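Next up, coords-v4.cif (mmCIF, C-alpha atoms):
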data_entry
loop_
_atom_site.label_atom_id
_atom_site.label_comp_id
_atom_site.auth_asym_id
_atom_site.auth_seq_id
_atom_site.Cartn_x
_atom_site.Cartn_y
_atom_site.Cartn_z
CA MET A 827 56.82 -130.11 43.33
CA ASN A 828 58.96 -127.06 43.89
CA THR A 829 56.66 -124.66 45.73
CA THR A 830 59.09 -121.76 45.97
CA ASN A 831 57.85 -120.23 42.69
CA VAL A 832 54.14 -120.86 43.22
CA GLN A 833 52.11 -117.70 42.87
CA LYS A 834 48.73 -117.14 44.44
CA THR A 835 45.94 -117.44 41.89
CA SER A 836 44.30 -114.07 41.24
CA GLY A 837 40.85 -113.45 42.59
CA ALA A 838 39.70 -112.47 39.10
CA PHE A 839 40.69 -115.86 37.65
CA ILE A 840 39.09 -117.71 40.56
CA ALA A 841 35.88 -115.73 40.05
CA ALA A 842 35.95 -116.23 36.27
CA SER A 843 36.41 -119.98 36.77
CA TRP A 844 33.45 -120.27 39.14
CA ILE A 845 31.33 -118.09 36.84
CA ALA A 846 32.23 -120.28 33.84
CA LEU A 847 31.29 -123.41 35.79
CA GLY A 848 28.07 -121.88 37.10
CA VAL A 849 26.95 -120.35 33.82
CA GLY A 850 27.76 -123.50 31.86
CA MET A 851 25.94 -125.79 34.27
CA ALA A 852 23.02 -123.43 34.89
CA GLY A 853 22.56 -122.69 31.21
CA PHE A 854 22.59 -126.37 30.33
CA ILE A 855 20.21 -127.33 33.16
CA ILE A 856 17.82 -124.41 32.59
CA GLY A 857 17.81 -125.27 28.90
CA LEU A 858 16.82 -128.83 29.78
CA TRP A 859 14.18 -127.65 32.23
CA ARG A 860 12.53 -125.39 29.67
CA SER A 861 12.83 -127.79 26.74
CA GLU A 862 10.00 -129.88 25.39
CA MET A 863 12.06 -133.08 25.38
CA LEU A 864 10.86 -136.32 26.88
CA LEU A 865 11.88 -136.80 30.49
CA SER A 866 14.16 -139.66 29.39
CA GLU A 867 15.98 -137.30 26.98
CA LYS A 868 16.39 -134.70 29.72
CA GLY A 869 17.78 -137.39 32.01
CA TYR A 870 20.21 -138.52 29.32
CA TYR A 871 21.62 -135.03 28.76
CA PHE A 872 21.76 -134.28 32.49
CA THR A 873 23.66 -137.53 33.11
CA VAL A 874 26.08 -136.76 30.27
CA LEU A 875 26.73 -133.31 31.80
CA MET A 876 27.43 -134.71 35.27
CA TYR A 877 29.57 -137.53 33.87
CA GLY A 878 31.53 -135.07 31.74
CA LEU A 879 32.17 -132.71 34.66
CA PHE A 880 33.42 -135.54 36.87
CA ALA A 881 35.56 -137.03 34.11
CA ALA A 882 37.16 -133.69 33.25
CA VAL A 883 38.06 -133.06 36.90
CA SER A 884 39.53 -136.58 37.07
CA VAL A 885 41.69 -135.89 34.00
CA GLN A 886 42.89 -132.58 35.41
CA LYS A 887 43.75 -134.15 38.74
CA SER A 888 45.53 -137.18 37.31
CA VAL A 889 47.53 -135.10 34.82
CA ARG A 890 48.52 -132.69 37.58
CA ASP A 891 49.39 -135.54 39.94
CA ARG A 892 51.68 -137.07 37.34
CA LEU A 893 53.39 -133.73 36.71
CA GLU A 894 54.01 -133.36 40.44
CA GLY A 895 55.33 -136.89 40.83
CA VAL A 896 52.28 -138.21 42.65
CA PRO A 897 51.67 -141.83 41.66
CA VAL A 898 48.67 -142.34 39.38
CA THR A 899 47.96 -145.79 38.05
CA GLY A 900 47.86 -146.17 34.30
CA ILE A 901 44.38 -147.69 34.49
CA TYR A 902 42.94 -144.68 36.35
CA TYR A 903 44.70 -142.25 34.03
CA GLY A 904 43.33 -144.13 31.01
CA ILE A 905 39.81 -144.37 32.42
CA ALA A 906 39.79 -140.64 33.19
CA TRP A 907 40.75 -139.78 29.60
CA PHE A 908 38.37 -142.40 28.16
CA SER A 909 35.50 -141.07 30.29
CA THR A 910 36.10 -137.48 29.22
CA ILE A 911 36.18 -138.43 25.55
CA LEU A 912 33.16 -140.70 25.99
CA ALA A 913 31.11 -137.93 27.63
CA ILE A 914 31.85 -135.61 24.70
CA VAL A 915 31.03 -138.35 22.17
CA LEU A 916 27.76 -139.14 23.99
CA LEU A 917 26.78 -135.48 23.87
CA VAL A 918 27.66 -135.18 20.17
CA VAL A 919 25.76 -138.37 19.26
CA GLY A 920 22.76 -137.29 21.32
CA LEU A 921 22.65 -133.84 19.77
CA TRP A 922 23.28 -135.17 16.26
CA ASN A 923 20.20 -137.41 16.55
CA ALA A 924 18.02 -134.97 18.49
CA THR A 925 15.06 -133.26 16.88
CA LEU A 926 16.21 -129.83 18.03
CA LEU A 927 16.86 -126.65 16.10
CA PRO A 928 20.52 -126.18 15.17
CA SER A 929 20.64 -123.17 17.50
CA GLU A 930 19.46 -125.33 20.41
CA LYS A 931 22.05 -127.98 19.62
CA GLY A 932 24.74 -125.31 19.58
CA PHE A 933 23.49 -123.90 22.87
CA TYR A 934 23.79 -127.27 24.61
CA ALA A 935 27.21 -127.95 23.09
CA PHE A 936 28.65 -124.62 24.19
CA ALA A 937 27.04 -124.74 27.65
CA PHE A 938 28.56 -128.21 28.09
CA LEU A 939 32.02 -127.05 27.00
CA LEU A 940 31.83 -123.95 29.20
CA GLY A 941 30.89 -126.13 32.17
CA ILE A 942 33.76 -128.53 31.46
CA PHE A 943 36.23 -125.66 31.17
CA GLY A 944 34.92 -124.16 34.39
CA ALA A 945 35.20 -127.47 36.26
CA ILE A 946 38.81 -127.92 35.14
CA ALA A 947 39.70 -124.34 36.05
CA VAL A 948 38.03 -124.56 39.48
CA GLN A 949 39.90 -127.81 40.19
CA LYS A 950 43.19 -126.19 39.13
CA ASN A 951 42.54 -123.14 41.31
CA THR A 952 41.64 -125.33 44.29
CA ARG A 953 44.85 -127.29 43.89
CA ASP A 954 46.96 -124.14 43.41
CA SER A 955 45.42 -122.52 46.50
CA GLN A 956 46.16 -125.64 48.54
CA ILE A 957 49.80 -125.60 47.44
CA PHE A 958 50.13 -121.86 48.07
CA GLU A 959 48.62 -122.08 51.56
CA THR A 960 50.30 -125.25 52.77
CA GLY A 961 53.44 -125.35 50.64
CA SER A 962 52.55 -128.90 49.59
CA SER A 963 50.11 -130.53 47.19
CA PHE A 964 49.44 -133.26 49.75
CA SER A 965 46.91 -132.81 52.53
CA LYS A 966 48.13 -134.28 55.76
CA PRO A 967 45.43 -135.89 57.89
CA SER A 968 44.68 -133.98 61.05
CA ASP A 969 44.88 -135.52 64.50
CA HIS A 970 41.35 -134.41 65.48
#
Spell out the structure here as structure tokens.
Amino acid sequence: MNTTNVQKTSGAFIAASWIALGVGMAGFIIGLWRSEMLLSEKGYYFTVLMYGLFAAVSVQKSVRDRLEGVPVTGIYYGIAWFSTILAIVLLVVGLWNATLLPSEKGFYAFAFLLGIFGAIAVQKNTRDSQIFETGSSFSKPSDH
């Protein structure tokens, strides 16, 4: 990647990304904590949230790696996309069949999407900061 035109990510965008991730995750988790769902339902939604966050970061990283010429196997790239889509489908199916008020379903959906957006943005900012500071997207192992 040509690092001569890389600009430092603004502090405001970094803060907004972390806030989006935190508010999305906290809102979703607090909503689960305060809900009157069965423990198994709470576990299902929590697992879908964690799976979705990890999958979205994997997609962002693999897409960015490919754009920068870093080798990414087709199977990993496909699994990352499949996992992201699957996490969203699992959330939609779970909410569709849940005995929740429509406003509660909407709350969980938007908290999930905000968390996913925040995770992707935080990953992007982390990668951009690494490139800006080191001039390379690759971390070289230290000799310590």
Q.
Taking the file as I've supplied it (selection: the PyMOL selection byres ((chain A and resi 858) around 9)), which residues are included? Please answer as number ranges by chain.
A. A: 853-857, 859-863, 867-869, 871-872, 934
Q | Straight-line distance linking CA of Tyr870 (chain A) with CA of Ala842 (chain A), stated in Å to one decimal | A |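 Calculated distance between CA of Tyr870 (chain A) and CA of Ala842 (chain A) is 28.2 Å.
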If I put a ball of radius 12 Å at (35.7, -125.1, 44.3) in the file's coordinates, which residues poke into it when counting all atoms listed in the file, written as a short mmCIF file (atom, residue, chain, number, x, y, z; two decimals) with C-alpha atoms, in the coordinates of the input?
data_model
loop_
_atom_site.label_atom_id
_atom_site.label_comp_id
_atom_site.auth_asym_id
_atom_site.auth_seq_id
_atom_site.Cartn_x
_atom_site.Cartn_y
_atom_site.Cartn_z
CA ILE A 840 39.09 -117.71 40.56
CA ALA A 841 35.88 -115.73 40.05
CA ALA A 842 35.95 -116.23 36.27
CA SER A 843 36.41 -119.98 36.77
CA TRP A 844 33.45 -120.27 39.14
CA ILE A 845 31.33 -118.09 36.84
CA LEU A 847 31.29 -123.41 35.79
CA GLY A 848 28.07 -121.88 37.10
CA VAL A 883 38.06 -133.06 36.90
CA GLY A 944 34.92 -124.16 34.39
CA ALA A 945 35.20 -127.47 36.26
CA ILE A 946 38.81 -127.92 35.14
CA ALA A 947 39.70 -124.34 36.05
CA VAL A 948 38.03 -124.56 39.48
CA GLN A 949 39.90 -127.81 40.19
CA LYS A 950 43.19 -126.19 39.13
CA ASN A 951 42.54 -123.14 41.31
CA THR A 952 41.64 -125.33 44.29
CA ARG A 953 44.85 -127.29 43.89
CA ASP A 954 46.96 -124.14 43.41
CA SER A 955 45.42 -122.52 46.50
CA GLN A 956 46.16 -125.64 48.54
#
Q. Could you state the separation of CA of Glu959 (chain A) and CA of Pro897 (chain A) in Å, given to one decimal place?
A.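 These atoms are spaced 22.3 Å apart.
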Q | Neighbour list for region 914-923 of chain A as number ranges by chain, cut-off 10 Å, all atoms listed in the file, skip fewer than 6 positions in-chain | A | A: 867, 870-871, 873-875, 877-878, 930-932, 934-935, 938-939, 942
